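K.L.:
TSV, C-alpha atoms (C1' of nucleotides), saved as upload-v4.tsv, coming up:
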```tsv
chain	number	residue	atom	x	y	z
A	1	MET	CA	0.79	31.24	2.75
A	2	VAL	CA	2.20	28.63	0.43
A	3	ASP	CA	3.39	30.20	-2.77
A	4	LEU	CA	4.31	27.64	-5.38
A	5	ASP	CA	4.95	30.29	-7.99
A	6	ASP	CA	7.93	31.62	-6.10
A	7	PRO	CA	10.63	32.61	-8.60
A	8	ALA	CA	13.23	30.74	-6.51
A	9	LEU	CA	11.74	27.46	-7.77
A	10	SER	CA	13.40	27.34	-11.14
A	11	ASP	CA	14.48	23.71	-11.41
A	12	ASP	CA	11.45	21.70	-12.44
A	13	LEU	CA	12.58	18.61	-10.56
A	14	HIS	CA	12.65	20.64	-7.39
A	15	GLU	CA	9.23	21.88	-8.24
A	16	ALA	CA	8.11	18.29	-8.68
A	17	ILE	CA	9.32	17.47	-5.18
A	18	GLU	CA	7.20	20.25	-3.72
A	19	GLN	CA	4.20	19.37	-5.81
A	20	PHE	CA	4.44	15.81	-4.62
A	21	TYR	CA	4.71	16.90	-1.01
A	22	PHE	CA	1.86	19.40	-1.05
A	23	ALA	CA	-0.38	17.28	-3.26
A	24	TYR	CA	0.00	14.27	-1.00
A	25	ARG	CA	-0.63	16.32	2.08
A	26	GLY	CA	-3.84	17.71	0.57
A	27	PHE	CA	-4.79	14.25	-0.55
A	28	THR	CA	-4.64	12.72	2.92
A	29	ASP	CA	-6.04	15.37	5.18
A	30	ARG	CA	-9.65	15.17	4.00
A	31	PRO	CA	-10.25	11.55	5.09
A	32	ASP	CA	-8.15	12.26	8.17
A	33	ARG	CA	-10.69	14.80	9.31
A	34	ILE	CA	-13.61	12.42	8.78
A	35	LEU	CA	-11.78	9.78	10.77
A	36	GLU	CA	-10.85	11.88	13.73
A	37	ARG	CA	-14.52	12.59	14.38
A	38	ARG	CA	-14.86	8.86	15.07
A	39	GLY	CA	-11.68	8.60	17.09
A	40	LEU	CA	-9.91	6.70	14.34
A	41	GLY	CA	-6.62	7.38	12.60
A	42	ARG	CA	-5.00	7.01	9.24
A	43	VAL	CA	-4.03	3.43	9.98
A	44	HIS	CA	-7.68	2.49	10.27
A	45	HIS	CA	-8.34	4.06	6.90
A	46	ARG	CA	-5.55	2.11	5.26
A	47	ILE	CA	-6.80	-1.11	6.80
A	48	LEU	CA	-10.38	-0.49	5.68
A	49	TYR	CA	-9.20	0.52	2.25
A	50	PHE	CA	-7.04	-2.51	1.57
A	51	ILE	CA	-9.54	-5.00	2.96
A	52	GLY	CA	-12.16	-3.36	0.77
A	53	ARG	CA	-9.98	-3.63	-2.32
A	54	ARG	CA	-8.77	-7.17	-1.60
A	55	PRO	CA	-11.55	-9.08	0.10
A	56	ASP	CA	-10.36	-12.15	2.04
A	57	VAL	CA	-6.88	-10.77	2.42
A	58	SER	CA	-5.03	-12.40	5.31
A	59	VAL	CA	-3.40	-10.60	8.21
A	60	ARG	CA	-0.04	-11.50	6.70
A	61	GLY	CA	-1.09	-10.06	3.35
A	62	LEU	CA	-2.17	-6.86	5.03
A	63	LEU	CA	1.15	-6.61	6.85
A	64	ASP	CA	3.03	-6.90	3.59
A	65	LEU	CA	0.89	-4.29	1.90
A	66	LEU	CA	1.17	-1.79	4.71
A	67	ALA	CA	4.80	-2.59	5.50
A	68	VAL	CA	4.35	-2.31	9.27
A	69	SER	CA	4.99	-4.68	12.14
A	70	LYS	CA	2.21	-7.00	13.24
A	71	GLN	CA	2.16	-5.26	16.61
A	72	ALA	CA	1.41	-1.96	14.89
A	73	LEU	CA	-1.42	-3.55	12.93
A	74	ASN	CA	-2.93	-5.58	15.73
A	75	ALA	CA	-4.53	-2.88	17.88
A	76	PRO	CA	-6.32	-0.90	15.16
A	77	LEU	CA	-7.43	-4.05	13.37
A	78	ARG	CA	-8.90	-5.49	16.54
A	79	GLN	CA	-10.61	-2.18	17.18
A	80	LEU	CA	-12.22	-2.27	13.74
A	81	MET	CA	-13.42	-5.81	14.36
A	82	GLU	CA	-14.83	-4.84	17.75
A	83	MET	CA	-16.65	-1.95	16.09
A	84	GLY	CA	-18.21	-4.41	13.67
A	85	LEU	CA	-16.61	-2.83	10.61
A	86	VAL	CA	-14.39	-5.77	9.75
A	87	GLY	CA	-15.22	-9.46	9.94
A	88	ALA	CA	-12.92	-12.47	9.85
A	89	GLU	CA	-13.34	-16.08	8.85
A	90	ALA	CA	-10.90	-18.95	9.17
A	91	GLY	CA	-9.41	-19.95	5.84
A	92	VAL	CA	-10.78	-23.10	4.20
A	93	GLU	CA	-7.50	-24.60	3.05
A	94	ASP	CA	-5.38	-23.33	5.91
A	95	ARG	CA	-7.31	-22.73	9.08
A	96	ARG	CA	-4.49	-20.70	10.62
A	97	VAL	CA	-5.11	-17.79	8.30
A	98	LYS	CA	-7.89	-15.27	8.82
A	99	ASN	CA	-9.71	-14.01	5.78
A	100	LEU	CA	-10.65	-10.43	6.40
A	101	ARG	CA	-13.71	-8.74	4.92
A	102	LEU	CA	-15.62	-5.54	5.39
A	103	THR	CA	-19.05	-5.80	6.96
A	104	ALA	CA	-21.93	-3.74	5.56
A	105	SER	CA	-21.15	-0.84	7.90
A	106	GLY	CA	-17.45	-1.21	7.18
A	107	ARG	CA	-18.14	-0.84	3.48
A	108	LYS	CA	-20.20	2.25	4.20
A	109	LEU	CA	-17.42	4.00	6.12
A	110	GLU	CA	-14.80	2.91	3.64
A	111	ALA	CA	-16.86	4.32	0.78
A	112	GLU	CA	-17.29	7.60	2.59
A	113	LEU	CA	-13.58	7.98	3.18
A	114	THR	CA	-12.51	6.87	-0.25
A	115	GLU	CA	-15.12	9.05	-1.86
A	116	ALA	CA	-13.48	12.13	-0.37
A	117	GLN	CA	-10.25	11.15	-2.08
A	118	THR	CA	-11.67	10.10	-5.42
A	119	ARG	CA	-13.67	13.33	-5.66
A	120	HIS	CA	-10.46	15.25	-5.07
A	121	LEU	CA	-8.61	13.23	-7.71
A	122	ARG	CA	-11.43	13.31	-10.21
A	123	ALA	CA	-11.65	17.10	-9.98
A	124	ALA	CA	-7.94	17.45	-10.70
A	125	PHE	CA	-8.09	14.98	-13.59
A	126	ASP	CA	-11.08	16.77	-15.07
A	127	ARG	CA	-9.41	20.15	-14.91
A	128	ALA	CA	-6.12	18.86	-16.31
A	129	GLY	CA	-7.67	16.85	-19.15
A	130	ALA	CA	-7.64	13.24	-20.28
A	131	GLU	CA	-4.17	13.37	-21.75
A	132	ALA	CA	-2.67	14.75	-18.57
A	133	HIS	CA	-4.57	12.09	-16.61
A	134	ALA	CA	-2.97	9.36	-18.72
A	135	GLY	CA	0.46	10.93	-18.25
A	136	TRP	CA	0.02	11.17	-14.50
A	137	THR	CA	-0.93	7.51	-14.32
A	138	ALA	CA	2.03	6.45	-16.44
A	139	VAL	CA	4.51	8.36	-14.29
A	140	MET	CA	2.98	7.06	-11.09
A	141	ALA	CA	3.22	3.50	-12.38
A	142	GLU	CA	6.93	4.04	-13.04
A	143	LEU	CA	7.46	5.51	-9.60
A	144	VAL	CA	5.80	2.52	-7.99
A	145	LYS	CA	7.90	0.11	-10.02
A	146	GLY	CA	11.20	1.92	-9.56
B	1	MET	CA	4.29	-8.89	-1.87
B	2	VAL	CA	2.54	-5.85	-3.20
B	3	ASP	CA	0.64	-6.74	-6.33
B	4	LEU	CA	-0.71	-3.68	-8.08
B	5	ASP	CA	-1.94	-5.73	-11.01
B	6	ASP	CA	-4.49	-7.50	-8.87
B	7	PRO	CA	-7.69	-7.98	-10.88
B	8	ALA	CA	-9.72	-6.66	-7.95
B	9	LEU	CA	-8.48	-3.17	-8.77
B	10	SER	CA	-10.82	-2.35	-11.60
B	11	ASP	CA	-11.84	1.21	-10.87
B	12	ASP	CA	-9.07	3.47	-12.08
B	13	LEU	CA	-9.68	6.06	-9.41
B	14	HIS	CA	-9.11	3.42	-6.80
B	15	GLU	CA	-5.97	2.46	-8.62
B	16	ALA	CA	-4.89	6.09	-8.54
B	17	ILE	CA	-5.30	6.13	-4.75
B	18	GLU	CA	-2.99	3.15	-4.42
B	19	GLN	CA	-0.48	4.52	-6.86
B	20	PHE	CA	-0.36	7.74	-4.94
B	21	TYR	CA	0.11	5.90	-1.67
B	22	PHE	CA	2.84	3.55	-2.85
B	23	ALA	CA	4.59	6.14	-4.99
B	24	TYR	CA	4.78	8.59	-2.13
B	25	ARG	CA	6.02	5.95	0.24
B	26	GLY	CA	8.79	5.00	-2.18
B	27	PHE	CA	9.56	8.65	-2.74
B	28	THR	CA	10.19	9.45	0.92
B	29	ASP	CA	12.02	6.44	2.24
B	30	ARG	CA	15.27	6.97	0.34
B	31	PRO	CA	16.21	10.29	1.97
B	32	ASP	CA	14.83	8.92	5.23
B	33	ARG	CA	17.51	6.27	5.23
B	34	ILE	CA	20.29	8.77	4.55
B	35	LEU	CA	19.01	10.91	7.39
B	36	GLU	CA	18.72	8.22	9.99
B	37	ARG	CA	22.43	7.51	9.65
B	38	ARG	CA	23.01	11.03	10.98
B	39	GLY	CA	20.37	10.79	13.68
B	40	LEU	CA	18.06	13.15	11.84
B	41	GLY	CA	14.45	12.72	10.79
B	42	ARG	CA	12.12	13.72	8.01
B	43	VAL	CA	11.42	17.05	9.71
B	44	HIS	CA	15.05	18.02	9.36
B	45	HIS	CA	14.91	17.20	5.69
B	46	ARG	CA	11.85	19.36	5.14
B	47	ILE	CA	13.46	22.24	7.00
B	48	LEU	CA	16.69	21.98	5.01
B	49	TYR	CA	14.76	21.65	1.80
B	50	PHE	CA	12.55	24.69	2.26
B	51	ILE	CA	15.31	26.92	3.55
B	52	GLY	CA	17.36	25.86	0.54
B	53	ARG	CA	14.55	26.68	-1.86
B	54	ARG	CA	13.56	29.93	-0.18
B	55	PRO	CA	16.67	31.57	1.25
B	56	ASP	CA	16.00	34.14	3.98
B	57	VAL	CA	12.66	32.60	4.84
B	58	SER	CA	11.53	33.53	8.36
B	59	VAL	CA	10.60	31.09	11.10
B	60	ARG	CA	6.99	32.15	10.62
B	61	GLY	CA	7.22	31.48	6.89
B	62	LEU	CA	8.63	28.04	7.56
B	63	LEU	CA	5.80	27.29	9.97
B	64	ASP	CA	3.22	28.21	7.35
B	65	LEU	CA	4.93	26.07	4.71
B	66	LEU	CA	5.25	23.04	6.92
B	67	ALA	CA	1.90	23.52	8.65
B	68	VAL	CA	3.19	22.47	12.06
B	69	SER	CA	3.23	24.17	15.45
B	70	LYS	CA	6.20	26.31	16.38
B	71	GLN	CA	6.97	23.88	19.20
B	72	ALA	CA	7.31	21.07	16.68
B	73	LEU	CA	9.64	23.14	14.54
B	74	ASN	CA	11.74	24.60	17.30
B	75	ALA	CA	13.76	21.59	18.44
B	76	PRO	CA	14.86	20.27	15.03
B	77	LEU	CA	15.57	23.77	13.73
B	78	ARG	CA	17.73	24.57	16.74
B	79	GLN	CA	19.52	21.27	16.26
B	80	LEU	CA	20.31	22.14	12.65
B	81	MET	CA	21.65	25.53	13.71
B	82	GLU	CA	23.79	23.94	16.43
B	83	MET	CA	25.15	21.52	13.86
B	84	GLY	CA	26.16	24.46	11.71
B	85	LEU	CA	23.89	23.47	8.83
B	86	VAL	CA	21.56	26.45	9.10
B	87	GLY	CA	22.46	30.06	9.87
B	88	ALA	CA	20.22	32.94	10.92
B	89	GLU	CA	20.45	36.69	10.64
B	90	ALA	CA	18.17	39.33	12.07
B	91	GLY	CA	15.96	40.97	9.46
B	92	VAL	CA	16.94	44.43	8.25
B	93	GLU	CA	13.49	46.02	8.22
B	94	ASP	CA	12.10	44.15	11.17
B	95	ARG	CA	14.73	42.94	13.58
B	96	ARG	CA	12.33	40.52	15.27
B	97	VAL	CA	12.35	38.16	12.29
B	98	LYS	CA	15.15	35.72	11.64
B	99	ASN	CA	16.21	35.17	8.07
B	100	LEU	CA	17.23	31.56	7.71
B	101	ARG	CA	19.84	30.34	5.27
B	102	LEU	CA	21.79	27.16	4.65
B	103	THR	CA	25.49	27.19	5.40
B	104	ALA	CA	27.93	25.56	3.01
B	105	SER	CA	27.69	22.22	4.80
B	106	GLY	CA	23.90	22.60	5.02
B	107	ARG	CA	23.75	23.03	1.25
B	108	LYS	CA	25.87	19.93	0.87
B	109	LEU	CA	23.57	17.72	2.94
B	110	GLU	CA	20.47	19.20	1.37
B	111	ALA	CA	21.83	18.48	-2.09
B	112	GLU	CA	22.61	14.92	-1.14
B	113	LEU	CA	19.11	14.30	0.17
B	114	THR	CA	17.33	16.04	-2.63
B	115	GLU	CA	19.48	14.31	-5.19
B	116	ALA	CA	18.13	10.96	-4.05
B	117	GLN	CA	14.63	12.16	-4.78
B	118	THR	CA	15.31	13.92	-8.06
B	119	ARG	CA	17.13	10.87	-9.37
B	120	HIS	CA	14.11	8.77	-8.52
B	121	LEU	CA	11.76	11.24	-10.20
B	122	ARG	CA	13.96	11.75	-13.22
B	123	ALA	CA	14.15	8.02	-13.83
B	124	ALA	CA	10.37	7.72	-13.78
B	125	PHE	CA	9.92	10.75	-16.04
B	126	ASP	CA	12.48	9.38	-18.49
B	127	ARG	CA	10.81	6.00	-18.68
B	128	ALA	CA	7.32	7.46	-19.02
B	129	GLY	CA	8.26	10.05	-21.64
B	130	ALA	CA	8.08	13.83	-21.95
B	131	GLU	CA	4.37	13.91	-22.63
B	132	ALA	CA	3.57	11.87	-19.56
B	133	HIS	CA	5.89	14.10	-17.57
B	134	ALA	CA	3.93	17.18	-18.65
B	135	GLY	CA	0.67	15.48	-17.79
B	136	TRP	CA	1.90	14.45	-14.38
B	137	THR	CA	2.97	18.02	-13.63
B	138	ALA	CA	-0.37	19.43	-14.78
B	139	VAL	CA	-2.38	17.06	-12.61
B	140	MET	CA	-0.15	17.70	-9.61
B	141	ALA	CA	-0.57	21.43	-10.04
B	142	GLU	CA	-4.35	20.97	-9.99
B	143	LEU	CA	-4.15	18.80	-6.90
B	144	VAL	CA	-2.10	21.42	-5.09
B	145	LYS	CA	-4.55	24.16	-6.09
B	146	GLY	CA	-7.67	22.17	-5.27
C	1	DC	C1'	7.02	-36.03	16.38
C	2	DT	C1'	9.01	-31.82	15.27
C	3	DA	C1'	9.65	-27.71	12.86
C	4	DA	C1'	7.77	-23.83	10.75
C	5	DA	C1'	4.17	-20.51	9.84
C	6	DG	C1'	0.06	-17.41	10.94
C	7	DT	C1'	-1.85	-15.05	14.53
C	8	DG	C1'	-2.18	-12.61	19.10
C	9	DT	C1'	-0.41	-10.15	22.95
C	10	DC	C1'	2.66	-7.91	26.56
C	11	DA	C1'	6.28	-4.62	27.60
C	12	DA	C1'	9.68	-1.01	26.82
C	13	DC	C1'	10.88	2.48	24.04
C	14	DA	C1'	11.45	6.28	20.23
C	15	DT	C1'	9.63	9.83	17.34
C	16	DG	C1'	6.94	13.44	16.08
C	17	DG	C1'	3.32	15.69	16.62
C	18	DT	C1'	-0.35	18.39	19.66
C	19	DT	C1'	-2.18	22.35	23.19
C	20	DG	C1'	-1.54	25.47	26.84
C	21	DA	C1'	1.05	28.67	29.28
C	22	DC	C1'	4.53	31.87	29.83
C	23	DC	C1'	8.67	34.65	28.55
C	24	DT	C1'	11.69	38.14	25.83
C	25	DG	C1'	12.26	41.74	22.78
C	26	DG	C1'	11.22	44.69	18.82
C	27	DA	C1'	7.50	47.31	16.18
C	28	DT	C1'	3.66	50.30	16.11
C	29	DG	C1'	-0.37	53.15	16.72
C	30	DA	C1'	-3.41	55.92	19.94
D	1	DT	C1'	5.15	57.42	25.92
D	2	DC	C1'	2.67	53.51	26.78
D	3	DA	C1'	-0.18	49.69	25.67
D	4	DT	C1'	-0.49	46.28	22.57
D	5	DC	C1'	0.64	43.26	19.03
D	6	DC	C1'	3.75	40.13	16.78
D	7	DA	C1'	8.12	37.07	15.98
D	8	DG	C1'	10.38	33.98	18.33
D	9	DG	C1'	11.75	30.60	22.24
D	10	DT	C1'	10.84	27.31	25.80
D	11	DC	C1'	8.67	24.17	29.38
D	12	DA	C1'	5.29	20.64	30.43
D	13	DA	C1'	1.77	17.28	29.69
D	14	DC	C1'	-0.11	14.50	26.48
D	15	DC	C1'	-1.22	11.47	22.40
D	16	DA	C1'	-0.64	8.69	18.14
D	17	DT	C1'	2.04	5.74	15.70
D	18	DG	C1'	5.59	3.26	15.06
D	19	DT	C1'	9.58	0.01	16.56
D	20	DT	C1'	12.00	-4.64	18.85
D	21	DG	C1'	12.00	-8.45	21.71
D	22	DA	C1'	9.85	-12.16	23.88
D	23	DC	C1'	6.48	-15.49	24.39
D	24	DA	C1'	2.04	-18.33	23.62
D	25	DC	C1'	-1.26	-20.79	20.76
D	26	DT	C1'	-2.90	-23.30	16.79
D	27	DT	C1'	-2.35	-25.49	12.59
D	28	DT	C1'	0.14	-27.22	8.81
D	29	DA	C1'	3.88	-29.84	6.74
D	30	DG	C1'	7.93	-32.77	6.51
```
Spit out the file's structure as structure tokens when you get a sec.
P.N.:
Amino acid sequence: MVDLDDPALSDDLHEAIEQFYFAYRGFTDRPDRILERRGLGRVHHRILYFIGRRPDVSVRGLLDLLAVSKQALNAPLRQLMEMGLVGAEAGVEDRRVKNLRLTASGRKLEAELTEAQTRHLRAAFDRAGAEAHAGWTAVMAELVKG
Amino acid sequence: MVDLDDPALSDDLHEAIEQFYFAYRGFTDRPDRILERRGLGRVHHRILYFIGRRPDVSVRGLLDLLAVSKQALNAPLRQLMEMGLVGAEAGVEDRRVKNLRLTASGRKLEAELTEAQTRHLRAAFDRAGAEAHAGWTAVMAELVKG
DNA sequence: CTAAAGTGTCAACATGGTTGACCTGGATGA
DNA sequence: TCATCCAGGTCAACCATGTTGACACTTTAG
């Protein structure tokens, strides 16, 4: 059992570390379970997610977002294209670049996965209140910047 | 380049997903870099951290906290004991259980690693303000519960 | 024409996790 | 007392995800 009310956790910054760890773990394992039923992994989710959010992103752009090597990206991306979830088109200005987009079925899977996470987040925001929601967002923005 | 101000990110719940992802990534890679200089990994950090926060935790307790198999825990834990960073004592009531504790040098390394993360968090909390800090904590608590 | 950039792919390797099987030794209840 | 359960340790096979290095191809740009 995970007891976050343990009296040993006095320092609130230490508590924040644990909250971050456990919250993130809970945040990722729902979509993970959906994915593993299809033989896909977390990488595939991240790829689907970012292509969905940034249509026509290039392979290079994806690499920078995910901060992985192109070799690590290549296999799962190709797999998603072979499964018909992601489509690619040569760029108009520069025909070397591939503009990546979700297909209809890609959008469907992406929505299913992301929905699991947004439902989780929305529930927490609702319970904590609008003010807390705003505070959370502000702190997260600082963490991303810093 | 990671551009979180991209106009495509309209839905704030989607933005929250990205913030969570990028914030967590930034949060973990500082201690990771300290560790890799000593040939240790993130697992070792988590072990040191939780033993530090919950002195006399048992191996079983650690397994439940980390949610990994005992085989995954065994090697890094043994390594930490061989390095003299973690000590163990047989339990008084039940002599099967091992009560794990940090040694002096274990506490030193743990403090160094954790300090990197608390400094990061403290900076974000300071910039975002006390109210935002409270909101962040409230939302995180809900996420851990949910 | 040449250099650089975007993409693709092969190979070798490291890490960190899994499950299954089996062992020791201490606790415990019929 | 004896059978059984539980904490812990260890071996083996396996898998997912990542890395670097090297090389090829196409296209763009100087």
K.L.:
Should the cut-off be 9 Å, what would the residue list for chain A against chain D look like, counting all atoms listed in the file, as a ChimeraX atom specification?
P.N.:
/A:41,43,68-69,72,94-96
K.L.:
Contacts between chain B and chain C, please, where a residue of chain C counts if it comes within 10 Å (with only C-alpha atoms (C1' of nucleotides)); show its shortest atom pair and distance in Å to one decimal, rows by chain and ascending number, as JSON lines.
P.N.:
```
{"residue": "C:DT15", "atom": "C1'", "partner": "B:Gly41", "partner_atom": "CA", "distance": 8.6}
{"residue": "C:DG16", "atom": "C1'", "partner": "B:Ala72", "partner_atom": "CA", "distance": 7.7}
{"residue": "C:DG17", "atom": "C1'", "partner": "B:Ala72", "partner_atom": "CA", "distance": 6.7}
{"residue": "C:DT18", "atom": "C1'", "partner": "B:Ser69", "partner_atom": "CA", "distance": 8.0}
{"residue": "C:DT19", "atom": "C1'", "partner": "B:Ser69", "partner_atom": "CA", "distance": 9.6}
{"residue": "C:DG25", "atom": "C1'", "partner": "B:Arg96", "partner_atom": "CA", "distance": 7.6}
{"residue": "C:DG26", "atom": "C1'", "partner": "B:Arg96", "partner_atom": "CA", "distance": 5.6}
{"residue": "C:DA27", "atom": "C1'", "partner": "B:Asp94", "partner_atom": "CA", "distance": 7.5}
```
K.L.:
Considering only C-alpha atoms, state which residue in the set B:Glu18, B:Glu89, B:Asp56, B:Asp64 is at the smallest distance from chain A.
P.N.:
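Ranked by minimum distance to chain A, first place goes to B:Asp64.
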K.L.:
Neighbouring residues of range 123-126 of chain A were defined as those with any atom within 8 Å, considering all atoms listed in the file; residues of the same chain fewer than 2 positions away were excluded. Please report them as a PDB file with C-alpha atoms, in the frame of the given file.
P.N.:
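Written output follows (around.pdb):
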```
ATOM      1  CA  ARG A 119     -13.670  13.330  -5.660  1.00  0.00           C
ATOM      2  CA  HIS A 120     -10.460  15.250  -5.070  1.00  0.00           C
ATOM      3  CA  LEU A 121      -8.610  13.230  -7.710  1.00  0.00           C
ATOM      4  CA  ALA A 128      -6.120  18.860 -16.310  1.00  0.00           C
ATOM      5  CA  GLY A 129      -7.670  16.850 -19.150  1.00  0.00           C
ATOM      6  CA  ALA A 130      -7.640  13.240 -20.280  1.00  0.00           C
ATOM      7  CA  ALA A 132      -2.670  14.750 -18.570  1.00  0.00           C
ATOM      8  CA  HIS A 133      -4.570  12.090 -16.610  1.00  0.00           C
TER       9      HIS A 133
ATOM     10  CA  VAL B 139      -2.380  17.060 -12.610  1.00  0.00           C
ATOM     11  CA  MET B 140      -0.150  17.700  -9.610  1.00  0.00           C
ATOM     12  CA  GLU B 142      -4.350  20.970  -9.990  1.00  0.00           C
ATOM     13  CA  LEU B 143      -4.150  18.800  -6.900  1.00  0.00           C
ATOM     14  CA  GLY B 146      -7.670  22.170  -5.270  1.00  0.00           C
TER      15      GLY B 146
END
```
K.L.:
If we count only C-alpha atoms (C1' of nucleotides), what is near Thr137 in chain B at a cut-off of 9 Å, once residues fewer than 6 positions away on the same chain are taken out, given as a list of chain:residue names?
P.N.:
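Everything that qualifies: A:Ala16, A:Gln19, A:Ala132, A:Gly135, A:Trp136.
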K.L.:
Would you mind exporting C-alpha atoms of the selected residues as a PDB file, in the coordinates of the input?
P.N.:
```
ATOM      1  CA  ALA A  16       8.110  18.290  -8.680  1.00  0.00           C
ATOM      2  CA  GLN A  19       4.200  19.370  -5.810  1.00  0.00           C
ATOM      3  CA  ALA A 132      -2.670  14.750 -18.570  1.00  0.00           C
ATOM      4  CA  GLY A 135       0.460  10.930 -18.250  1.00  0.00           C
ATOM      5  CA  TRP A 136       0.020  11.170 -14.500  1.00  0.00           C
TER       6      TRP A 136
END
```
K.L.:
From the list A:Arg53, A:Arg101, A:Arg38, A:His45, which residue is nearest chain B when using all atoms listed in the file?
P.N.:
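Among the listed residues, A:Arg53 lies closest to chain B.
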K.L.:
Measuring between only C-alpha atoms, which one of A:Leu113, A:Ala138, A:Lys108, A:Gly91 shows the shortest distance to chain B?
P.N.:
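Using only C-alpha atoms, chain B sits closest to A:Ala138.
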K.L.:
Rounded to one decimal in Å, what is the spacing between CA of Leu48 in chain B and CA of Leu80 in chain B?
P.N.:
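Interatomic distance, CA of Leu48 in chain B to CA of Leu80 in chain B: 8.5 Å.
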K.L.:
Which distance in Å separates CA of Ala141 in chain A and CA of Asn99 in chain A, to one decimal?
P.N.:
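Interatomic distance here is 28.3 Å.
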K.L.:
Can you patch up range 95-100 of chain B, filling it in to all heavy atoms, and show the result as an mmCIF file, in the frame of the given file?
P.N.:
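New file rebuild-v5.cif:
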```cif
data_model
loop_
_atom_site.group_PDB
_atom_site.id
_atom_site.type_symbol
_atom_site.label_atom_id
_atom_site.label_comp_id
_atom_site.auth_asym_id
_atom_site.auth_seq_id
_atom_site.Cartn_x
_atom_site.Cartn_y
_atom_site.Cartn_z
ATOM 1 N N ARG B 95 13.681 43.718 12.939
ATOM 2 C CA ARG B 95 14.730 42.940 13.580
ATOM 3 C C ARG B 95 14.200 41.818 14.462
ATOM 4 O O ARG B 95 14.985 41.081 15.075
ATOM 5 C CB ARG B 95 15.692 43.853 14.342
ATOM 6 C CG ARG B 95 16.541 44.689 13.355
ATOM 7 C CD ARG B 95 17.523 45.609 14.050
ATOM 8 N NE ARG B 95 18.174 44.977 15.171
ATOM 9 C CZ ARG B 95 18.465 45.598 16.318
ATOM 10 N NH1 ARG B 95 18.135 46.852 16.475
ATOM 11 N NH2 ARG B 95 19.074 44.956 17.285
ATOM 12 N N ARG B 96 12.869 41.675 14.539
ATOM 13 C CA ARG B 96 12.330 40.520 15.270
ATOM 14 C C ARG B 96 12.492 39.244 14.445
ATOM 15 O O ARG B 96 12.668 38.163 14.969
ATOM 16 C CB ARG B 96 10.828 40.710 15.543
ATOM 17 C CG ARG B 96 10.522 41.755 16.569
ATOM 18 C CD ARG B 96 9.039 41.971 16.647
ATOM 19 N NE ARG B 96 8.493 42.312 15.328
ATOM 20 C CZ ARG B 96 7.203 42.557 15.090
ATOM 21 N NH1 ARG B 96 6.328 42.469 16.063
ATOM 22 N NH2 ARG B 96 6.793 42.866 13.895
ATOM 23 N N VAL B 97 12.370 39.361 13.136
ATOM 24 C CA VAL B 97 12.350 38.160 12.290
ATOM 25 C C VAL B 97 13.773 37.661 12.033
ATOM 26 O O VAL B 97 14.724 38.446 11.958
ATOM 27 C CB VAL B 97 11.620 38.406 10.937
ATOM 28 C CG1 VAL B 97 10.363 39.228 11.146
ATOM 29 C CG2 VAL B 97 12.523 39.019 9.918
ATOM 30 N N LYS B 98 13.874 36.347 11.937
ATOM 31 C CA LYS B 98 15.150 35.720 11.640
ATOM 32 C C LYS B 98 15.122 35.254 10.194
ATOM 33 O O LYS B 98 14.212 34.531 9.800
ATOM 34 C CB LYS B 98 15.363 34.500 12.542
ATOM 35 C CG LYS B 98 15.794 34.866 13.938
ATOM 36 C CD LYS B 98 15.678 33.680 14.859
ATOM 37 C CE LYS B 98 16.890 32.773 14.782
ATOM 38 N NZ LYS B 98 16.869 31.775 15.883
ATOM 39 N N ASN B 99 16.108 35.647 9.449
ATOM 40 C CA ASN B 99 16.210 35.170 8.070
ATOM 41 C C ASN B 99 17.103 33.950 8.064
ATOM 42 O O ASN B 99 18.277 34.041 8.408
ATOM 43 C CB ASN B 99 16.764 36.257 7.163
ATOM 44 C CG ASN B 99 15.812 37.441 7.057
ATOM 45 O OD1 ASN B 99 16.194 38.582 7.287
ATOM 46 N ND2 ASN B 99 14.564 37.159 6.747
ATOM 47 N N LEU B 100 16.522 32.834 7.651
ATOM 48 C CA LEU B 100 17.230 31.560 7.710
ATOM 49 C C LEU B 100 17.898 31.240 6.374
ATOM 50 O O LEU B 100 17.317 31.464 5.311
ATOM 51 C CB LEU B 100 16.250 30.442 8.088
ATOM 52 C CG LEU B 100 15.509 30.659 9.406
ATOM 53 C CD1 LEU B 100 14.357 29.677 9.553
ATOM 54 C CD2 LEU B 100 16.474 30.545 10.580
#
```
